[in-house]
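J.: Quick one: this structure, given as structure tokens, is what I'll be asking you about.
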Amino acid sequence: MSVVRSLIRRPRRPWRLAAEASALLIAVAVAFPLYWMVLSAFKPAGEIESTEPRPWTLSPSLDSFRRVFGQQEFGRYFLNSLLVASCVVIASALIAFLAATAVTRFKFRFRTTVLIMFLVAQMVPIEALTIPLFFLMRDFGQLNTLGALILPHIAFSLPFAVWMLRGFVKAVPEALEEAAYLDGASRSRFMWQILFPLVFPGLVATSVFSFISTWNDFLFARSFIISDTSQSTLPMALLVFYKPDDPDWGGVMAASTVMTIPVLVFFVLVQRRLVSGLGGAVKD
């Protein structure tokens, strides 16, 4: 029966083949820089500095990774990045969940104004706020501390997270909330035992963006961590290998490859929740 179905199956339409070919070309274009980064990390120094670069290597080497892991502060940078990213993801997710619930389920004055402010905050470029944030962190005594990286990233992650979670909270039927109250559930119990699991895919989706932006941050780490290198994060490790007069491109590519691995691991762990979160929320 399956053979008959395959025989009578209609050929694919030309527009579908064109769309699939375009998607494949876009995927190759996006993945090529990552491939070149990993390839350069395994190339010996002679091939990296060659005037005729080749998209392959016949003599892979681990010398670049040895230089990266040989740096005494590299492990500390890694732990600092992991700590900052974890704090930002957890704090921004919880605050965004509470804020999205408040602006969706409660009616109060200036609710629309608050939502518009969240939207306007997304339009302000980070570079324009770096100097004011520097003076703010200085006045609070947070320079050269991880708090100078955690607080700004939480602030920049919240507008997007609140806007996205607002749709998830709004999609949860109000009848479900009324039924929970009739069964004797308190407001806090409804929020954490019923509403929170339903909007959890949305939390995962927002957490991915928060994690990636925090993990790859170089601007704040360079601006707020001035003298105490023990508080630096992993992107700052690239400066160890990049010198204007004699850059170590193998070390830069190897360190960048190591930086990419936690992002890929985090994405693999949450990919199912991420797909459901980006696909939509609960339907009535």
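As shown in the structure tokens, the chain order sets the letters A, B, ...; within each chain, residues go from 1, and ligands are also counted from 1 in the order they appear.
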Give me, as a Markdown table, each residue of segment 64-84 of chain A that comes within 7 Å of segment 221-243 of chain A, together with its shortest interatomic pair and the distance in Å at one decimal, counting only C-alpha atoms, with rows ordered by chain and rising residue number.

T.:
```
| residue | atom | partner | partner_atom | distance |
| --- | --- | --- | --- | --- |
| A:Phe74 | CA | A:Ala237 | CA | 6.7 |
| A:Arg76 | CA | A:Ser230 | CA | 7.0 |
| A:Tyr77 | CA | A:Thr233 | CA | 4.5 |
| A:Phe78 | CA | A:Leu234 | CA | 5.3 |
| A:Asn80 | CA | A:Thr233 | CA | 5.4 |
| A:Ser81 | CA | A:Thr233 | CA | 4.9 |
```

J.: Would you list, as a PyMOL selection string, the residues of segment 15-264 of chain A that end up in helix (DSSP H, G or I) under DSSP run on this structure's backbone?

T.: chain A and resi 15-42+45-48+63-70+74-105+111-123+126-139+147-171+174-182+187-215+219-224+229-231+234-241+249-264

J.: If you count only C-alpha atoms, which residues fall within 7 Å of Ala255 of chain A, apart from same-chain ones fewer than 4 positions away, as a list in words?

T.: Val68, Leu238, Gly251 and Met259 of chain A

J.: Any chance you could tabulate, as a tab-separated table, the residues of segment 51-157 of chain A at most 7 Å from segment 18-42 of chain A with each one's nearest atom pair and distance in Å to one decimal, using only C-alpha atoms, in chain and rising number order?

T.:
```
residue	atom	partner	partner_atom	distance
A:Pro60	CA	A:Phe42	CA	5.1
A:Ser61	CA	A:Phe42	CA	5.1
A:Leu62	CA	A:Phe42	CA	5.9
A:Ser64	CA	A:Ala41	CA	6.2
```

J.: Write a file of the selected residues as a PDB file, in the first residue's frame, keeping C-alpha atoms.

T.:
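The resulting file, out26.pdb, is reproduced below:
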```pdb
ATOM      1  CA  PRO A  60      45.004  19.495  12.269  1.00  0.00           C
ATOM      2  CA  SER A  61      46.669  20.686  15.443  1.00  0.00           C
ATOM      3  CA  LEU A  62      45.589  21.283  19.045  1.00  0.00           C
ATOM      4  CA  SER A  64      45.780  26.748  19.758  1.00  0.00           C
TER       5      SER A  64
END
```

J.: Nearest to Ile154 of chain A: which of A:Trp15, A:Ala91, A:Ile126, A:Phe65 is it, counting only C-alpha atoms?

T.: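 Once distances to Ile154 of chain A are computed over only C-alpha atoms, the minimum belongs to A:Ala91.
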